[in-house]
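Q: Sharing upload_12.cif (mmCIF, C-alpha atoms and all ligand atoms) below.
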data_coords
#
loop_
_atom_site.label_atom_id
_atom_site.label_comp_id
_atom_site.auth_asym_id
_atom_site.auth_seq_id
_atom_site.Cartn_x
_atom_site.Cartn_y
_atom_site.Cartn_z
CA MET A 1 25.65 110.35 166.13
CA PRO A 2 22.00 110.50 165.09
CA ALA A 3 19.54 108.49 167.19
CA PHE A 4 19.12 104.95 165.98
CA THR A 5 15.65 103.43 166.09
CA ARG A 6 16.12 100.24 164.10
CA ALA A 7 18.66 97.54 163.40
CA ILE A 8 18.93 94.57 161.05
CA VAL A 9 20.66 91.40 162.24
CA ARG A 10 21.05 87.80 161.08
CA PRO A 11 21.98 85.04 163.53
CA PRO A 12 24.79 82.74 162.36
CA GLY A 13 23.71 79.72 160.33
CA PRO A 14 24.75 76.05 160.45
CA SER A 15 27.77 76.62 158.17
CA PHE A 16 29.14 79.51 160.30
CA ALA A 17 32.45 77.72 160.97
CA LYS A 18 33.15 77.54 157.21
CA GLY A 19 33.38 81.33 156.89
CA LEU A 20 36.51 83.32 156.11
CA THR A 21 38.94 83.77 158.94
CA SER A 22 42.56 84.54 159.67
CA ALA A 23 42.20 84.66 163.46
CA GLY A 24 43.80 81.29 164.15
CA LYS A 25 41.66 80.89 167.26
CA GLY A 26 40.05 77.60 166.34
CA ALA A 27 36.57 76.72 165.13
CA PRO A 28 33.60 78.56 166.61
CA ASP A 29 30.98 76.72 168.64
CA LEU A 30 27.65 77.40 166.90
CA SER A 31 25.43 77.08 169.95
CA LEU A 32 27.63 79.48 171.91
CA ALA A 33 27.65 81.85 168.93
CA LEU A 34 23.85 81.74 168.86
CA ALA A 35 23.69 82.52 172.59
CA GLN A 36 26.12 85.42 172.11
CA HIS A 37 24.02 86.69 169.21
CA ASP A 38 20.92 86.46 171.39
CA ALA A 39 22.59 88.65 174.01
CA TYR A 40 23.66 91.07 171.27
CA ARG A 41 20.07 91.45 170.07
CA ASP A 42 18.95 92.01 173.65
CA ALA A 43 21.58 94.71 174.08
CA LEU A 44 20.35 96.49 170.94
CA ARG A 45 16.84 96.47 172.40
CA ARG A 46 18.16 97.87 175.68
CA CYS A 47 19.60 100.73 173.64
CA GLY A 48 16.08 101.52 172.40
CA VAL A 49 16.34 99.88 168.98
CA ASP A 50 13.71 97.75 167.17
CA VAL A 51 15.52 94.68 165.90
CA PHE A 52 14.66 93.07 162.54
CA GLU A 53 15.95 89.51 162.55
CA LEU A 54 16.68 87.94 159.17
CA PRO A 55 16.79 84.14 158.85
CA PRO A 56 20.17 82.40 159.24
CA SER A 57 21.83 81.40 155.98
CA ASP A 58 23.46 78.04 155.39
CA ALA A 59 24.63 78.94 151.88
CA PHE A 60 26.67 81.94 153.07
CA PRO A 61 28.71 81.19 156.21
CA ASP A 62 29.65 84.85 156.75
CA ALA A 63 26.12 86.22 156.29
CA THR A 64 25.74 86.97 160.00
CA PHE A 65 28.14 89.89 159.40
CA VAL A 66 25.35 92.00 157.89
CA GLU A 67 27.24 95.26 158.31
CA ASP A 68 29.35 94.42 155.26
CA VAL A 69 26.51 94.17 152.73
CA ALA A 70 24.91 97.59 153.12
CA VAL A 71 25.79 101.09 154.28
CA ILE A 72 23.05 103.21 155.81
CA VAL A 73 23.85 106.86 156.43
CA ASP A 74 21.27 109.41 157.60
CA GLY A 75 18.42 107.15 156.54
CA HIS A 76 19.85 106.50 153.05
CA ALA A 77 20.78 102.96 152.11
CA MET A 78 23.37 101.66 149.69
CA LEU A 79 23.88 97.99 149.00
CA THR A 80 27.55 97.14 148.78
CA ARG A 81 29.55 94.81 146.57
CA PRO A 82 31.63 92.82 149.08
CA GLY A 83 35.26 92.37 148.20
CA ALA A 84 35.47 88.67 149.04
CA PRO A 85 34.09 86.59 146.15
CA SER A 86 32.51 84.12 148.59
CA ARG A 87 30.51 86.96 150.13
CA ARG A 88 29.45 88.85 147.00
CA ASP A 89 26.05 87.23 146.65
CA GLU A 90 25.15 87.83 150.29
CA VAL A 91 23.76 91.13 149.05
CA GLY A 92 20.91 89.24 147.41
CA LEU A 93 19.86 87.96 150.83
CA ILE A 94 19.27 91.43 152.20
CA ARG A 95 17.99 93.30 149.15
CA ASP A 96 14.29 92.63 149.86
CA LYS A 97 14.60 93.84 153.42
CA ILE A 98 16.36 97.02 152.32
CA ALA A 99 13.75 97.55 149.57
CA ALA A 100 10.96 97.10 152.11
CA LEU A 101 12.47 99.57 154.59
CA PHE A 102 13.70 102.28 152.23
CA ASP A 103 11.76 104.00 149.41
CA HIS A 104 14.95 104.20 147.43
CA TYR A 105 18.37 102.64 147.72
CA ASP A 106 21.56 102.66 145.68
CA ALA A 107 24.14 99.97 145.06
CA ILE A 108 27.87 99.79 144.54
CA ALA A 109 28.54 98.64 140.96
CA ALA A 110 31.48 96.75 139.39
CA PRO A 111 34.38 97.31 139.30
CA GLY A 112 33.77 98.84 142.71
CA THR A 113 33.98 96.69 145.81
CA LEU A 114 33.12 97.84 149.30
CA ASP A 115 32.56 96.18 152.69
CA GLY A 116 30.53 98.10 155.26
CA GLY A 117 33.19 97.27 157.84
CA ASP A 118 35.46 99.76 156.07
CA VAL A 119 33.05 102.66 156.55
CA CYS A 120 33.45 104.74 159.71
CA GLU A 121 30.99 107.61 160.09
CA ALA A 122 32.31 110.45 162.21
CA GLY A 123 29.96 113.42 162.33
CA ASP A 124 29.86 115.10 158.94
CA ARG A 125 32.86 113.08 157.78
CA CYS A 126 32.96 109.50 156.74
CA PHE A 127 36.25 107.59 156.64
CA VAL A 128 36.46 104.75 154.15
CA GLY A 129 39.22 102.18 154.42
CA ILE A 130 40.89 101.10 151.20
CA SER A 131 41.58 97.50 152.06
CA ASP A 132 41.79 94.03 150.55
CA ARG A 133 37.97 94.21 150.44
CA THR A 134 37.21 97.82 149.53
CA ASN A 135 38.75 99.40 146.44
CA GLU A 136 39.05 102.99 145.25
CA ALA A 137 36.16 102.64 142.80
CA GLY A 138 33.85 101.40 145.54
CA ALA A 139 34.92 104.17 147.91
CA ASP A 140 34.42 106.80 145.17
CA GLN A 141 30.89 105.57 144.45
CA LEU A 142 30.01 105.77 148.13
CA GLY A 143 31.76 109.12 148.38
CA ARG A 144 29.57 110.64 145.65
CA ARG A 145 26.46 109.43 147.45
CA LEU A 146 27.71 110.79 150.76
CA GLU A 147 28.50 114.13 149.18
CA SER A 148 24.88 114.43 148.12
CA LEU A 149 24.00 113.98 151.80
CA GLY A 150 26.37 116.76 152.87
CA LYS A 151 29.08 114.41 154.17
CA ARG A 152 32.73 114.45 153.29
CA MET A 153 34.37 111.14 152.46
CA GLU A 154 38.02 110.61 153.33
CA LYS A 155 39.86 107.53 152.13
CA VAL A 156 42.23 105.80 154.50
CA ASP A 157 44.60 103.29 152.93
CA ILE A 158 44.97 100.41 155.37
CA ARG A 159 46.53 97.91 152.97
CA SER A 160 49.96 98.20 154.51
CA ILE A 161 48.70 97.34 157.99
CA ARG A 162 49.21 93.61 158.30
CA GLY A 163 46.35 91.66 159.81
CA LEU A 164 43.81 94.48 159.58
CA LEU A 165 40.68 93.25 157.82
CA HIS A 166 38.56 96.39 157.87
CA LEU A 167 39.08 100.00 158.96
CA LYS A 168 36.57 99.50 161.77
CA SER A 169 38.49 96.47 163.02
CA ALA A 170 40.88 99.09 164.44
CA ILE A 171 38.93 102.29 165.00
CA ALA A 172 35.50 103.38 166.18
CA PHE A 173 33.93 106.81 166.50
CA VAL A 174 32.19 107.17 169.85
CA ASN A 175 30.69 110.30 171.33
CA GLY A 176 32.80 112.65 169.20
CA MET A 177 36.10 110.84 169.68
CA PHE A 178 37.94 107.97 168.10
CA VAL A 179 38.78 104.72 169.83
CA VAL A 180 42.04 103.66 168.22
CA ALA A 181 43.92 100.36 168.28
CA PRO A 182 47.73 100.51 168.25
CA ILE A 183 47.94 99.25 164.67
CA ALA A 184 45.86 102.23 163.51
CA ARG A 185 47.73 104.92 165.41
CA ALA A 186 49.75 106.01 162.42
CA LEU A 187 46.76 106.51 160.13
CA PRO A 188 47.05 110.11 158.87
CA PRO A 189 43.43 111.27 159.30
CA LEU A 190 43.51 110.46 162.99
CA SER A 191 46.39 112.67 164.00
CA GLY A 192 45.26 115.52 166.21
CA GLU A 193 41.77 114.07 166.67
CA PRO A 194 40.35 113.50 170.15
CA ALA A 195 40.93 109.82 170.81
CA ILE A 196 41.18 107.02 173.30
CA TYR A 197 44.31 105.06 172.45
CA ILE A 198 43.99 101.50 173.61
CA GLY A 199 46.68 99.01 174.58
CA ASP A 200 48.27 96.33 172.41
CA ASP A 201 46.47 93.55 174.19
CA GLU A 202 43.04 95.17 173.77
CA THR A 203 43.03 95.70 170.00
CA TYR A 204 39.90 93.60 169.45
CA ALA A 205 37.89 95.99 171.66
CA ALA A 206 38.55 98.92 169.31
CA ASN A 207 35.52 97.71 167.39
CA CYS A 208 32.94 99.14 169.78
CA VAL A 209 29.59 100.66 168.86
CA GLU A 210 27.79 103.70 170.20
CA ILE A 211 24.02 103.44 170.14
CA ASN A 212 21.89 106.21 171.59
CA GLY A 213 24.39 107.18 174.26
CA ARG A 214 25.41 103.67 175.25
CA VAL A 215 28.43 101.80 173.99
CA LEU A 216 28.60 98.10 173.20
CA VAL A 217 32.08 96.79 174.02
CA ALA A 218 33.48 93.27 173.78
CA ALA A 219 33.78 91.68 177.22
CA GLY A 220 37.26 90.92 178.54
CA PHE A 221 38.89 94.26 177.77
CA PRO A 222 38.60 96.12 181.08
CA ARG A 223 40.80 99.07 180.22
CA VAL A 224 38.77 100.00 177.15
CA SER A 225 35.55 99.72 179.17
CA ALA A 226 37.05 101.81 181.98
CA ALA A 227 38.24 104.50 179.55
CA LEU A 228 34.77 104.80 178.04
CA LYS A 229 33.08 104.83 181.45
CA GLY A 230 35.58 107.48 182.54
CA ARG A 231 34.19 109.68 179.78
CA GLY A 232 30.70 109.34 181.21
CA LEU A 233 29.46 106.69 178.82
CA THR A 234 27.26 103.74 179.75
CA VAL A 235 29.01 100.57 178.66
CA ILE A 236 27.33 97.26 177.81
CA GLU A 237 29.87 94.42 177.68
CA LEU A 238 29.12 91.50 175.40
CA GLN A 239 30.78 88.11 175.01
CA MET A 240 32.08 87.90 171.45
CA SER A 241 34.52 84.96 171.52
CA GLU A 242 32.82 82.94 168.76
CA PHE A 243 32.58 85.88 166.37
CA GLU A 244 36.17 86.90 167.09
CA LYS A 245 37.21 83.44 165.87
CA MET A 246 35.70 84.38 162.50
CA ASP A 247 37.32 87.86 162.39
CA GLY A 248 34.04 89.58 163.26
CA GLY A 249 33.49 92.35 165.77
CA LEU A 250 30.48 94.00 167.38
CA SER A 251 29.76 96.45 164.59
CA CYS A 252 29.71 93.71 161.93
CA LEU A 253 26.70 92.02 163.49
CA SER A 254 24.15 94.72 162.72
CA LEU A 255 23.06 97.51 160.45
CA ARG A 256 21.89 100.37 162.62
CA PHE A 257 19.78 103.26 161.33
C1 LIG B 1 34.94 88.03 156.68
O1 LIG B 1 36.13 87.73 156.59
O2 LIG B 1 34.37 88.68 155.80
C2 LIG B 1 34.15 87.61 157.89
N1 LIG B 1 34.62 86.34 158.34
C3 LIG B 1 34.25 88.64 158.98
C4 LIG B 1 33.63 89.93 158.61
C5 LIG B 1 33.71 90.94 159.69
N2 LIG B 1 33.01 92.11 159.30
C6 LIG B 1 33.33 93.34 159.71
O3 LIG B 1 34.36 93.53 160.35
N3 LIG B 1 32.53 94.35 159.33
#
Could I get this structure in the form of structure tokens?
A:
Amino acid sequence: MPAFTRAIVRPPGPSFAKGLTSAGKGAPDLSLALAQHDAYRDALRRCGVDVFELPPSDAFPDATFVEDVAVIVDGHAMLTRPGAPSRRDEVGLIRDKIAALFDHYDAIAAPGTLDGGDVCEAGDRCFVGISDRTNEAGADQLGRRLESLGKRMEKVDIRSIRGLLHLKSAIAFVNGMFVVAPIARALPPLSGEPAIYIGDDETYAANCVEINGRVLVAAGFPRVSAALKGRGLTVIELQMSEFEKMDGGLSCLSLRF
């Protein structure tokens, strides 16, 4: 992975508990979510990243999941068109920041839809989940942009995997290998790839994030942490309970570039 120097985040806003969720884990506690987000920002800084903090949004309960509204690959930004209608206008909240940071940016256009959570960069390849949020047209638009950057896009249809929101809810690419949740084991592009296969009870921890040689991992999943440490990686464990209640993982909380 290229070195990351900057990240964009947005703490959860007052309406956080009204966001989309299928987790069935109860309502999140906003003050605990804010404390967890604080620790997340700290962890990014410990990884050597400058953190740009956008203001919380009350109008868009899911706006803390900034990863879904833009894709940034090799310093090139593309605004997305989120698949959930309630999230589509979140893009407007981040456009100015993207315009200020990048000389040029592109955007996914209708009928395309794409959530950043479906985009998994893996060296010179980029896997894009076709999901309830990301459609073929959205993936193709991103694919053309990636091609111009010398990357190969591979679509991965995850629609038959029940309960899987985004591709990166079940896989991560860390230090040249995949971290794979059981529900993603059968995905064709992953066969034969170097991988850490995690246990049934640790699926949530598949959404881990490598930043400059360290890996952010959700706390409470000791076998995933141990497997990553066993490969020589420095692991930073973070409490994520309140974001998990809203179907969000570690990667969703930032845009790293
Ligand atoms: C949603 O359903 O859109 C949010 N509640 C969770 C989004 C999580 N984002 C991600 O995995 N990239």
Q: Assuming 8 Å of padding per side, give the centre and edge lengths of the axis-aligned box around every listed atom of segment 44-56 of chain A, in Å to one decimal and as lines of an AutoDock Vina configuration file.
A:
center_x = 17.0
center_y = 92.0
center_z = 167.3
size_x = 22.6
size_y = 35.1
size_z = 32.8
Q: List all protein, DNA and RNA residues that have an atom no more than 7 Å from any atom of ligand LIG 1 (chain B), counting only C-alpha atoms and all ligand atoms, and report them as a list of chain:residue names.
A: A:Gly19, A:Leu20, A:Thr21, A:Asp62, A:Phe65, A:Glu67, A:Asp68, A:Ala84, A:Asp115, A:Gly116, A:Gly117, A:Asp118, A:Leu165, A:His166, A:Lys168, A:Ser169, A:Met246, A:Asp247, A:Gly248, A:Gly249, A:Ser251, A:Cys252
Q: Find the residue from A:Ile211, A:Leu34, A:Leu233, A:Val66 that sits nearest to Ser254 of chain A; use all atoms listed in the file when measuring.
A: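 Result for the nearest residue to Ser254 of chain A: A:Val66.
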Q: Quick one, how far is atom CA of Glu136 of chain A from atom CA of His76 of chain A?
A: 21.0 Å
Q: Which value, in Å to one decimal, gives the distance between atom CA of Asp200 of chain A and atom CA of Phe127 of chain A?
A: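 The value is 22.8 Å.
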Q: At most 9 Å from (24.0, 101.8, 174.2), file frame, all atoms listed in the file: which residues, as a PDB file with C-alpha atoms, in the coordinates of the input?
A:
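The resulting file, out-v5.pdb, is reproduced below:
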ATOM      1  CA  ALA A  43      21.580  94.710 174.080  1.00  0.00           C
ATOM      2  CA  LEU A  44      20.350  96.490 170.940  1.00  0.00           C
ATOM      3  CA  ARG A  46      18.160  97.870 175.680  1.00  0.00           C
ATOM      4  CA  CYS A  47      19.600 100.730 173.640  1.00  0.00           C
ATOM      5  CA  GLY A  48      16.080 101.520 172.400  1.00  0.00           C
ATOM      6  CA  VAL A 209      29.590 100.660 168.860  1.00  0.00           C
ATOM      7  CA  GLU A 210      27.790 103.700 170.200  1.00  0.00           C
ATOM      8  CA  ILE A 211      24.020 103.440 170.140  1.00  0.00           C
ATOM      9  CA  ASN A 212      21.890 106.210 171.590  1.00  0.00           C
ATOM     10  CA  GLY A 213      24.390 107.180 174.260  1.00  0.00           C
ATOM     11  CA  ARG A 214      25.410 103.670 175.250  1.00  0.00           C
ATOM     12  CA  VAL A 215      28.430 101.800 173.990  1.00  0.00           C
ATOM     13  CA  LEU A 216      28.600  98.100 173.200  1.00  0.00           C
ATOM     14  CA  LEU A 233      29.460 106.690 178.820  1.00  0.00           C
ATOM     15  CA  THR A 234      27.260 103.740 179.750  1.00  0.00           C
ATOM     16  CA  VAL A 235      29.010 100.570 178.660  1.00  0.00           C
ATOM     17  CA  ILE A 236      27.330  97.260 177.810  1.00  0.00           C
TER      18      ILE A 236
END
Q: Just the number, please: distance in Å from atom CA of Ala170 of chain A to atom CA of Ala206 of chain A, one decimal.
A: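 Pair atom CA of Ala170 of chain A / atom CA of Ala206 of chain A returns 5.4 Å.
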Q: Against segment 23-28 of chain A, which residues of segment 33-143 of chain A fall within 12 Å? For each one I want the closest pair of atoms and the distance in Å (one decimal), counting only C-alpha atoms, rows by chain and increasing residue number, as a tab-separated table.
A:
residue	atom	partner	partner_atom	distance
A:Ala33	CA	A:Pro28	CA	7.2
A:Leu34	CA	A:Pro28	CA	10.5
A:Gln36	CA	A:Pro28	CA	11.5
A:Pro61	CA	A:Pro28	CA	11.8
Q: Skipping near chain neighbours, those fewer than 4 positions away, what residues fall within 12 Å of Val180 of chain A using all atoms listed in the file, listed as a short mmCIF file (atom, residue, chain, number, x, y, z; two decimals) with C-alpha atoms, in the coordinates of the input?
A:
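Result saved to selection.cif:
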data_model
loop_
_atom_site.label_atom_id
_atom_site.label_comp_id
_atom_site.auth_asym_id
_atom_site.auth_seq_id
_atom_site.Cartn_x
_atom_site.Cartn_y
_atom_site.Cartn_z
CA LEU A 167 39.08 100.00 158.96
CA LYS A 168 36.57 99.50 161.77
CA SER A 169 38.49 96.47 163.02
CA ALA A 170 40.88 99.09 164.44
CA ILE A 171 38.93 102.29 165.00
CA ALA A 172 35.50 103.38 166.18
CA PHE A 173 33.93 106.81 166.50
CA VAL A 174 32.19 107.17 169.85
CA ALA A 184 45.86 102.23 163.51
CA ARG A 185 47.73 104.92 165.41
CA ALA A 186 49.75 106.01 162.42
CA LEU A 187 46.76 106.51 160.13
CA PRO A 189 43.43 111.27 159.30
CA LEU A 190 43.51 110.46 162.99
CA SER A 191 46.39 112.67 164.00
CA GLU A 193 41.77 114.07 166.67
CA PRO A 194 40.35 113.50 170.15
CA ALA A 195 40.93 109.82 170.81
CA ILE A 196 41.18 107.02 173.30
CA TYR A 197 44.31 105.06 172.45
CA ILE A 198 43.99 101.50 173.61
CA GLY A 199 46.68 99.01 174.58
CA ASP A 200 48.27 96.33 172.41
CA GLU A 202 43.04 95.17 173.77
CA THR A 203 43.03 95.70 170.00
CA TYR A 204 39.90 93.60 169.45
CA ALA A 205 37.89 95.99 171.66
CA ALA A 206 38.55 98.92 169.31
CA ASN A 207 35.52 97.71 167.39
CA CYS A 208 32.94 99.14 169.78
CA VAL A 224 38.77 100.00 177.15
CA ALA A 227 38.24 104.50 179.55
#
Q: Could you check which of A:Ser160, A:Arg95, A:Glu154, A:Leu101 is closest to Phe257 of chain A, using only C-alpha atoms?
A: A:Leu101
Q: Using all atoms listed in the file, which protein or nucleic acid residues come within 9 Å of Leu149 of chain A? Drop anything in the same chain fewer than 3 positions from it, and give the result as a PyMOL selection string.
A: chain A and resi 73-74+76+144-146+152
Q: Give me the residues near Arg256 of chain A as number ranges by chain, where near means some atom within 9 Å (using all atoms listed in the file) and where sequence neighbours in that chain fewer than 6 positions away do not count.
A: A: 4-8, 49, 67, 72, 211
